[in-house]
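Pasting coords_22.cif here (mmCIF, C-alpha atoms):
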data_final
#
loop_
_atom_site.group_PDB
_atom_site.id
_atom_site.type_symbol
_atom_site.label_atom_id
_atom_site.label_comp_id
_atom_site.auth_asym_id
_atom_site.auth_seq_id
_atom_site.Cartn_x
_atom_site.Cartn_y
_atom_site.Cartn_z
ATOM 1 C CA MET A 1 14.588 14.456 36.184
ATOM 2 C CA SER A 2 17.972 15.906 35.726
ATOM 3 C CA SER A 3 18.485 19.257 34.096
ATOM 4 C CA LEU A 4 20.286 17.631 31.145
ATOM 5 C CA THR A 5 17.279 15.379 30.497
ATOM 6 C CA MET A 6 14.924 18.348 30.654
ATOM 7 C CA THR A 7 17.113 20.361 28.298
ATOM 8 C CA VAL A 8 17.254 17.531 25.779
ATOM 9 C CA TRP A 9 13.512 16.943 26.085
ATOM 10 C CA ASN A 10 12.687 20.647 25.635
ATOM 11 C CA ALA A 11 14.896 20.847 22.532
ATOM 12 C CA PHE A 12 13.308 17.706 21.107
ATOM 13 C CA ASP A 13 9.809 18.955 21.907
ATOM 14 C CA THR A 14 10.465 22.349 20.316
ATOM 15 C CA HIS A 15 11.815 20.780 17.122
ATOM 16 C CA MET A 16 8.980 18.270 16.858
ATOM 17 C CA ARG A 17 6.337 20.969 17.343
ATOM 18 C CA ALA A 18 8.001 23.117 14.695
ATOM 19 C CA MET A 19 8.012 20.190 12.250
ATOM 20 C CA TRP A 20 4.403 19.279 13.041
ATOM 21 C CA GLN A 21 3.185 22.857 12.593
ATOM 22 C CA ALA A 22 5.117 23.507 9.391
ATOM 23 C CA PRO A 23 2.763 24.182 6.461
ATOM 24 C CA GLY A 24 4.344 21.393 4.409
ATOM 25 C CA SER A 25 3.679 18.709 7.011
ATOM 26 C CA VAL A 26 0.137 19.963 7.625
ATOM 27 C CA ARG A 27 -0.550 19.903 3.886
ATOM 28 C CA GLY A 28 1.027 16.441 3.680
ATOM 29 C CA CYS A 29 -1.348 15.167 6.376
ATOM 30 C CA GLY A 30 -4.241 16.711 4.468
ATOM 31 C CA ALA A 31 -3.147 15.061 1.234
ATOM 32 C CA GLY A 32 -2.813 11.740 3.051
ATOM 33 C CA THR A 33 -6.322 12.093 4.456
ATOM 34 C CA ALA A 34 -7.720 12.933 1.011
ATOM 35 C CA LEU A 35 -5.915 9.953 -0.544
ATOM 36 C CA ALA A 36 -7.187 7.647 2.208
ATOM 37 C CA GLY A 37 -10.729 8.895 1.576
ATOM 38 C CA PHE A 38 -10.299 8.373 -2.164
ATOM 39 C CA ALA A 39 -8.974 4.860 -1.545
ATOM 40 C CA GLY A 40 -11.989 4.153 0.656
ATOM 41 C CA PHE A 41 -14.282 5.490 -2.047
ATOM 42 C CA VAL A 42 -12.657 3.273 -4.716
ATOM 43 C CA ALA A 43 -12.705 0.280 -2.354
ATOM 44 C CA LEU A 44 -16.416 0.769 -1.667
ATOM 45 C CA ALA A 45 -17.207 1.290 -5.341
ATOM 46 C CA THR A 46 -15.496 -1.964 -6.324
ATOM 47 C CA TYR A 47 -16.753 -3.982 -3.333
ATOM 48 C CA HIS A 48 -17.581 -7.567 -4.120
ATOM 49 C CA ALA A 49 -19.187 -9.798 -1.498
ATOM 50 C CA GLU A 50 -17.180 -12.875 -2.502
ATOM 51 C CA ASP A 51 -13.792 -11.204 -2.020
ATOM 52 C CA ALA A 52 -11.673 -12.523 0.816
ATOM 53 C CA SER A 53 -11.842 -10.173 3.788
ATOM 54 C CA LEU A 54 -11.757 -10.328 7.565
ATOM 55 C CA ASN A 55 -14.829 -12.531 7.918
ATOM 56 C CA THR A 56 -15.046 -14.117 4.468
ATOM 57 C CA ALA A 57 -12.735 -16.778 3.099
ATOM 58 C CA GLY A 58 -12.558 -16.390 -0.648
ATOM 59 C CA HIS A 59 -10.807 -18.897 -2.827
ATOM 60 C CA GLY A 60 -11.108 -17.087 -6.095
ATOM 61 C CA GLU A 61 -9.657 -13.963 -7.563
ATOM 62 C CA ILE A 62 -10.138 -10.691 -5.676
ATOM 63 C CA HIS A 63 -12.367 -8.337 -7.663
ATOM 64 C CA ASN A 64 -11.713 -5.149 -5.679
ATOM 65 C CA ALA A 65 -9.667 -2.544 -7.554
ATOM 66 C CA LEU A 66 -7.350 -2.109 -4.548
ATOM 67 C CA GLY A 67 -6.814 -5.834 -4.063
ATOM 68 C CA SER A 68 -7.104 -7.567 -0.720
ATOM 69 C CA PHE A 69 -6.470 -4.302 1.158
ATOM 70 C CA GLY A 70 -9.397 -2.662 -0.645
ATOM 71 C CA ALA A 71 -11.589 -5.697 -0.003
ATOM 72 C CA MET A 72 -10.857 -5.462 3.722
ATOM 73 C CA ILE A 73 -11.424 -1.693 3.823
ATOM 74 C CA ALA A 74 -14.728 -2.007 1.947
ATOM 75 C CA ASP A 75 -15.821 -4.873 4.181
ATOM 76 C CA ILE A 76 -14.928 -2.987 7.369
ATOM 77 C CA GLY A 77 -16.704 0.156 6.145
ATOM 78 C CA SER A 78 -19.847 -1.593 4.990
ATOM 79 C CA GLN A 79 -20.126 -3.787 8.070
ATOM 80 C CA SER A 80 -19.332 -1.102 10.623
ATOM 81 C CA ILE A 81 -21.342 1.902 9.360
ATOM 82 C CA GLY A 82 -23.158 0.432 6.349
ATOM 83 C CA LEU A 83 -24.195 2.825 3.615
ATOM 84 C CA ALA A 84 -22.887 5.736 5.683
ATOM 85 C CA ALA A 85 -19.392 4.624 4.644
ATOM 86 C CA TRP A 86 -19.941 6.469 1.353
ATOM 87 C CA PRO A 87 -20.405 9.920 2.894
ATOM 88 C CA ALA A 88 -17.609 9.088 5.357
ATOM 89 C CA ALA A 89 -15.196 8.559 2.461
ATOM 90 C CA ALA A 90 -16.449 11.694 0.722
ATOM 91 C CA LEU A 91 -15.985 13.726 3.911
ATOM 92 C CA MET A 92 -12.434 12.415 4.294
ATOM 93 C CA ILE A 93 -11.680 13.629 0.781
ATOM 94 C CA TYR A 94 -13.311 16.989 1.523
ATOM 95 C CA PHE A 95 -11.447 17.619 4.777
ATOM 96 C CA GLY A 96 -8.162 16.406 3.311
ATOM 97 C CA LEU A 97 -8.471 18.747 0.344
ATOM 98 C CA LEU A 98 -9.442 21.625 2.628
ATOM 99 C CA ARG A 99 -6.304 21.157 4.668
ATOM 100 C CA THR A 100 -4.100 20.583 1.633
ATOM 101 C CA PHE A 101 -5.091 23.675 -0.312
ATOM 102 C CA HIS A 102 -5.782 26.154 2.496
ATOM 103 C CA PRO A 103 -3.404 29.166 2.420
ATOM 104 C CA ALA A 104 -2.696 28.916 6.175
ATOM 105 C CA PRO A 105 -3.484 25.316 7.136
ATOM 106 C CA ASP A 106 -2.035 25.492 10.644
ATOM 107 C CA LYS A 107 -4.188 28.454 11.658
ATOM 108 C CA THR A 108 -7.440 26.627 10.839
ATOM 109 C CA ARG A 109 -6.449 23.327 12.431
ATOM 110 C CA LEU A 110 -8.749 23.604 15.467
ATOM 111 C CA ARG A 111 -11.749 24.779 13.446
ATOM 112 C CA LEU A 112 -11.244 21.985 10.917
ATOM 113 C CA ARG A 113 -11.030 19.400 13.697
ATOM 114 C CA ILE A 114 -14.285 20.651 15.190
ATOM 115 C CA HIS A 115 -15.933 20.364 11.771
ATOM 116 C CA ALA A 116 -14.520 16.846 11.411
ATOM 117 C CA LEU A 117 -16.009 15.952 14.802
ATOM 118 C CA TRP A 118 -19.419 17.191 13.622
ATOM 119 C CA ALA A 119 -18.946 15.192 10.414
ATOM 120 C CA THR A 120 -18.296 12.079 12.492
ATOM 121 C CA LEU A 121 -21.522 12.768 14.391
ATOM 122 C CA PHE A 122 -23.282 13.134 11.036
ATOM 123 C CA VAL A 123 -21.967 9.792 9.756
ATOM 124 C CA LEU A 124 -22.842 7.897 12.947
ATOM 125 C CA CYS A 125 -26.327 9.426 13.178
ATOM 126 C CA LEU A 126 -26.940 8.770 9.484
ATOM 127 C CA SER A 127 -25.901 5.169 10.036
ATOM 128 C CA ALA A 128 -28.275 4.921 13.012
ATOM 129 C CA ALA A 129 -31.114 6.598 11.098
ATOM 130 C CA ILE A 130 -30.949 4.184 8.153
ATOM 131 C CA ALA A 131 -30.292 1.073 10.266
ATOM 132 C CA PRO A 132 -33.924 -0.106 10.555
ATOM 133 C CA ILE A 133 -34.792 0.435 6.888
ATOM 134 C CA MET A 134 -34.027 -3.159 5.974
ATOM 135 C CA THR A 135 -36.606 -5.375 7.631
ATOM 136 C CA SER A 136 -35.469 -8.949 7.417
ATOM 137 C CA ASP A 137 -35.323 -11.982 9.650
ATOM 138 C CA ASP A 138 -31.670 -12.424 8.705
ATOM 139 C CA PRO A 139 -29.563 -10.468 11.230
ATOM 140 C CA VAL A 140 -26.713 -9.992 8.740
ATOM 141 C CA LEU A 141 -29.002 -8.359 6.182
ATOM 142 C CA ARG A 142 -30.656 -6.276 8.861
ATOM 143 C CA GLN A 143 -27.288 -4.877 9.980
ATOM 144 C CA SER A 144 -25.895 -4.266 6.486
ATOM 145 C CA ILE A 145 -27.819 -1.050 5.783
ATOM 146 C CA GLY A 146 -26.622 0.823 8.875
ATOM 147 C CA GLY A 147 -23.797 -1.464 9.907
ATOM 148 C CA PHE A 148 -23.264 -2.737 13.409
ATOM 149 C CA TRP A 149 -22.506 0.760 14.730
ATOM 150 C CA GLY A 150 -25.697 2.095 13.219
ATOM 151 C CA SER A 151 -27.734 -0.812 14.555
ATOM 152 C CA GLY A 152 -26.180 -0.520 17.998
ATOM 153 C CA ILE A 153 -26.673 3.228 18.273
ATOM 154 C CA HIS A 154 -30.199 2.960 16.899
ATOM 155 C CA ASN A 155 -31.072 0.197 19.364
ATOM 156 C CA LEU A 156 -29.973 2.376 22.294
ATOM 157 C CA LEU A 157 -32.730 4.889 21.632
ATOM 158 C CA LYS A 158 -35.197 2.255 20.398
ATOM 159 C CA SER A 159 -34.768 0.303 23.641
ATOM 160 C CA LEU A 160 -35.507 3.410 25.656
ATOM 161 C CA PHE A 161 -38.686 4.019 23.636
ATOM 162 C CA ASP A 162 -39.669 0.358 23.935
ATOM 163 C CA PHE A 163 -39.231 0.649 27.688
ATOM 164 C CA MET A 164 -41.583 3.640 27.614
ATOM 165 C CA HIS A 165 -44.071 1.491 25.609
ATOM 166 C CA LEU A 166 -44.158 3.851 22.626
ATOM 167 C CA PRO A 167 -45.826 2.130 19.642
ATOM 168 C CA VAL A 168 -43.488 3.105 16.775
ATOM 169 C CA SER A 169 -40.135 3.192 18.541
ATOM 170 C CA ASP A 170 -38.151 2.386 15.356
ATOM 171 C CA ILE A 171 -39.628 5.316 13.464
ATOM 172 C CA ILE A 172 -39.233 7.751 16.365
ATOM 173 C CA ALA A 173 -35.594 6.748 16.864
ATOM 174 C CA SER A 174 -34.882 7.052 13.123
ATOM 175 C CA VAL A 175 -36.450 10.509 12.940
ATOM 176 C CA ILE A 176 -34.415 11.686 15.941
ATOM 177 C CA TYR A 177 -31.200 10.300 14.449
ATOM 178 C CA ALA A 178 -32.005 11.833 11.061
ATOM 179 C CA GLY A 179 -32.455 15.206 12.787
ATOM 180 C CA LEU A 180 -29.136 14.751 14.582
ATOM 181 C CA ALA A 181 -27.509 13.801 11.281
ATOM 182 C CA LEU A 182 -28.790 17.027 9.728
ATOM 183 C CA LEU A 183 -27.480 18.931 12.741
ATOM 184 C CA GLY A 184 -24.085 17.260 12.326
ATOM 185 C CA PHE A 185 -24.079 18.069 8.611
ATOM 186 C CA ASN A 186 -24.496 21.813 9.194
#

Since I need it in another form, could you write the structure as structure tokens?
Amino acid sequence: MSSLTMTVWNAFDTHMRAMWQAPGSVRGCGAGTALAGFAGFVALATYHAEDASLNTAGHGEIHNALGSFGAMIADIGSQSIGLAAWPAAALMIYFGLLRTFHPAPDKTRLRLRIHALWATLFVLCLSAAIAPIMTSDDPVLRQSIGGFWGSGIHNLLKSLFDFMHLPVSDIIASVIYAGLALLGFN
């Protein structure tokens, strides 16, 4: 690269980093995260199975408080991680508010991201732990409690225990995932 290109790039990079690390932009990202979590919470609370979403064609009126967007968000949350979508939305609100109202939000960015990573582990393990609770012959009902991520993650460990010929592989896998969820919650 030419020296002019490097000079322009360095100036651009310096200005963008300064804008990204400014307390106002960090607080704005936190407020956006909290609002997205609140929207997810409202969308889940007003979920209606007959609303039109990504895999359901609805001809009637949409009952979700956030309209078709809320119906899609609630459907994605409930199908992907099941009932664990509720704590996921609550954790988004929590982390967004933490970042918004912290006196020095840029200084705690790394620590907050590590906590958010543990919270993601908590949500996925909770989804996997509750996945086998619903025992039904209908695969859609069976996946709805833990979602397809919960069922998939749960089946990874269950398959290993089935391979080892353990008698209660579902229960063992759920207990392990519940312990990991508690670890992720701390």

For this session: Please evaluate the PyMOL selection byres ((chain A and resi 53-68) around 12) against the structure above and give the resulting residues as a PyMOL selection string.
Result: chain A and resi 36+38-52+69-79

For this session: Could you tell me which residues the PyMOL selection byres ((chain A and resi 119-133) around 8) grabs in this file, written as a VMD selection string?
Result: chain A and resid 81 to 85 87 to 88 91 115 to 118 134 to 135 142 to 147 149 to 154 170 173 to 178 180 to 185

Selection above as a file: C-alpha atoms, as a short mmCIF file (atom, residue, chain, number, x, y, z; two decimals), in the frame of the given file:
data_model
loop_
_atom_site.label_atom_id
_atom_site.label_comp_id
_atom_site.auth_asym_id
_atom_site.auth_seq_id
_atom_site.Cartn_x
_atom_site.Cartn_y
_atom_site.Cartn_z
CA ILE A 81 -21.34 1.90 9.36
CA GLY A 82 -23.16 0.43 6.35
CA LEU A 83 -24.20 2.82 3.62
CA ALA A 84 -22.89 5.74 5.68
CA ALA A 85 -19.39 4.62 4.64
CA PRO A 87 -20.40 9.92 2.89
CA ALA A 88 -17.61 9.09 5.36
CA LEU A 91 -15.98 13.73 3.91
CA HIS A 115 -15.93 20.36 11.77
CA ALA A 116 -14.52 16.85 11.41
CA LEU A 117 -16.01 15.95 14.80
CA TRP A 118 -19.42 17.19 13.62
CA MET A 134 -34.03 -3.16 5.97
CA THR A 135 -36.61 -5.38 7.63
CA ARG A 142 -30.66 -6.28 8.86
CA GLN A 143 -27.29 -4.88 9.98
CA SER A 144 -25.90 -4.27 6.49
CA ILE A 145 -27.82 -1.05 5.78
CA GLY A 146 -26.62 0.82 8.88
CA GLY A 147 -23.80 -1.46 9.91
CA TRP A 149 -22.51 0.76 14.73
CA GLY A 150 -25.70 2.10 13.22
CA SER A 151 -27.73 -0.81 14.56
CA GLY A 152 -26.18 -0.52 18.00
CA ILE A 153 -26.67 3.23 18.27
CA HIS A 154 -30.20 2.96 16.90
CA ASP A 170 -38.15 2.39 15.36
CA ALA A 173 -35.59 6.75 16.86
CA SER A 174 -34.88 7.05 13.12
CA VAL A 175 -36.45 10.51 12.94
CA ILE A 176 -34.42 11.69 15.94
CA TYR A 177 -31.20 10.30 14.45
CA ALA A 178 -32.01 11.83 11.06
CA LEU A 180 -29.14 14.75 14.58
CA ALA A 181 -27.51 13.80 11.28
CA LEU A 182 -28.79 17.03 9.73
CA LEU A 183 -27.48 18.93 12.74
CA GLY A 184 -24.08 17.26 12.33
CA PHE A 185 -24.08 18.07 8.61
#

For this session: Quote the spacing between atom CA of A:Trp86 and atom CA of A:Ala104 in Å to one decimal place.
Result: 28.7 Å

For this session: To verify the selection step, state as a PyMOL selection string which residues the PyMOL selection byres ((chain A and resi 29) around 12) yields on this input.
Result: chain A and resi 20-28+30-36+92-93+95-101+105-106+109

For this session: Have a look at atom CA of A:Thr108 and atom CA of A:Tyr94 and let me know their distance in Å, one decimal.
Result: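 It comes out at 14.6 Å.
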
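Separating atom CA of A:Ala90 from atom CA of A:Pro103 is a distance of 21.9 Å.
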
Completion of stretch 2-24 of chain A up to N, CA, C and O atoms, as a JSON list (two decimals), in the coordinates of the input:
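Generated file (selection-v8.json):
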[["chain", "number", "residue", "atom", "x", "y", "z"],
["A", 2, "SER", "N", 16.80, 15.03, 35.68],
["A", 2, "SER", "CA", 17.97, 15.91, 35.73],
["A", 2, "SER", "C", 17.80, 17.07, 34.76],
["A", 2, "SER", "O", 16.96, 17.04, 33.86],
["A", 3, "SER", "N", 18.60, 18.08, 34.96],
["A", 3, "SER", "CA", 18.48, 19.26, 34.10],
["A", 3, "SER", "C", 18.92, 18.94, 32.67],
["A", 3, "SER", "O", 18.40, 19.51, 31.71],
["A", 4, "LEU", "N", 19.87, 18.02, 32.49],
["A", 4, "LEU", "CA", 20.29, 17.63, 31.14],
["A", 4, "LEU", "C", 19.14, 16.94, 30.41],
["A", 4, "LEU", "O", 18.88, 17.22, 29.24],
["A", 5, "THR", "N", 18.42, 16.07, 31.10],
["A", 5, "THR", "CA", 17.28, 15.38, 30.50],
["A", 5, "THR", "C", 16.20, 16.37, 30.10],
["A", 5, "THR", "O", 15.63, 16.29, 29.00],
["A", 6, "MET", "N", 15.93, 17.34, 30.97],
["A", 6, "MET", "CA", 14.92, 18.35, 30.65],
["A", 6, "MET", "C", 15.35, 19.22, 29.48],
["A", 6, "MET", "O", 14.54, 19.58, 28.64],
["A", 7, "THR", "N", 16.61, 19.55, 29.40],
["A", 7, "THR", "CA", 17.11, 20.36, 28.30],
["A", 7, "THR", "C", 16.98, 19.61, 26.98],
["A", 7, "THR", "O", 16.53, 20.18, 25.97],
["A", 8, "VAL", "N", 17.37, 18.34, 26.99],
["A", 8, "VAL", "CA", 17.25, 17.53, 25.78],
["A", 8, "VAL", "C", 15.79, 17.38, 25.38],
["A", 8, "VAL", "O", 15.43, 17.51, 24.21],
["A", 9, "TRP", "N", 14.93, 17.11, 26.38],
["A", 9, "TRP", "CA", 13.51, 16.94, 26.08],
["A", 9, "TRP", "C", 12.90, 18.23, 25.53],
["A", 9, "TRP", "O", 12.13, 18.20, 24.58],
["A", 10, "ASN", "N", 13.22, 19.36, 26.11],
["A", 10, "ASN", "CA", 12.69, 20.65, 25.64],
["A", 10, "ASN", "C", 13.15, 20.94, 24.21],
["A", 10, "ASN", "O", 12.37, 21.43, 23.39],
["A", 11, "ALA", "N", 14.40, 20.64, 23.90],
["A", 11, "ALA", "CA", 14.90, 20.85, 22.53],
["A", 11, "ALA", "C", 14.18, 19.92, 21.56],
["A", 11, "ALA", "O", 13.76, 20.33, 20.46],
["A", 12, "PHE", "N", 14.01, 18.67, 21.95],
["A", 12, "PHE", "CA", 13.31, 17.71, 21.11],
["A", 12, "PHE", "C", 11.86, 18.13, 20.90],
["A", 12, "PHE", "O", 11.35, 18.12, 19.77],
["A", 13, "ASP", "N", 11.20, 18.54, 21.98],
["A", 13, "ASP", "CA", 9.81, 18.95, 21.91],
["A", 13, "ASP", "C", 9.65, 20.19, 21.02],
["A", 13, "ASP", "O", 8.73, 20.26, 20.20],
["A", 14, "THR", "N", 10.53, 21.14, 21.13],
["A", 14, "THR", "CA", 10.46, 22.35, 20.32],
["A", 14, "THR", "C", 10.63, 22.02, 18.83],
["A", 14, "THR", "O", 9.88, 22.53, 17.99],
["A", 15, "HIS", "N", 11.58, 21.15, 18.52],
["A", 15, "HIS", "CA", 11.82, 20.78, 17.12],
["A", 15, "HIS", "C", 10.64, 19.98, 16.55],
["A", 15, "HIS", "O", 10.25, 20.17, 15.40],
["A", 16, "MET", "N", 10.11, 19.08, 17.34],
["A", 16, "MET", "CA", 8.98, 18.27, 16.86],
["A", 16, "MET", "C", 7.73, 19.14, 16.64],
["A", 16, "MET", "O", 7.01, 18.95, 15.66],
["A", 17, "ARG", "N", 7.48, 20.07, 17.52],
["A", 17, "ARG", "CA", 6.34, 20.97, 17.34],
["A", 17, "ARG", "C", 6.51, 21.83, 16.10],
["A", 17, "ARG", "O", 5.56, 22.08, 15.37],
["A", 18, "ALA", "N", 7.74, 22.30, 15.88],
["A", 18, "ALA", "CA", 8.00, 23.12, 14.70],
["A", 18, "ALA", "C", 7.79, 22.31, 13.42],
["A", 18, "ALA", "O", 7.22, 22.80, 12.44],
["A", 19, "MET", "N", 8.22, 21.04, 13.43],
["A", 19, "MET", "CA", 8.01, 20.19, 12.25],
["A", 19, "MET", "C", 6.53, 19.90, 12.05],
["A", 19, "MET", "O", 6.04, 19.89, 10.93],
["A", 20, "TRP", "N", 5.81, 19.63, 13.13],
["A", 20, "TRP", "CA", 4.40, 19.28, 13.04],
["A", 20, "TRP", "C", 3.56, 20.46, 12.58],
["A", 20, "TRP", "O", 2.57, 20.29, 11.89],
["A", 21, "GLN", "N", 3.96, 21.68, 12.95],
["A", 21, "GLN", "CA", 3.18, 22.86, 12.59],
["A", 21, "GLN", "C", 3.64, 23.50, 11.29],
["A", 21, "GLN", "O", 3.04, 24.48, 10.86],
["A", 22, "ALA", "N", 4.66, 22.96, 10.67],
["A", 22, "ALA", "CA", 5.12, 23.51, 9.39],
["A", 22, "ALA", "C", 4.04, 23.31, 8.33],
["A", 22, "ALA", "O", 3.36, 22.26, 8.30],
["A", 23, "PRO", "N", 3.82, 24.31, 7.47],
["A", 23, "PRO", "CA", 2.76, 24.18, 6.46],
["A", 23, "PRO", "C", 2.91, 22.95, 5.57],
["A", 23, "PRO", "O", 1.92, 22.34, 5.19],
["A", 24, "GLY", "N", 4.14, 22.56, 5.27],
["A", 24, "GLY", "CA", 4.34, 21.39, 4.41],
["A", 24, "GLY", "C", 3.86, 20.11, 5.05],
["A", 24, "GLY", "O", 3.23, 19.27, 4.40]]
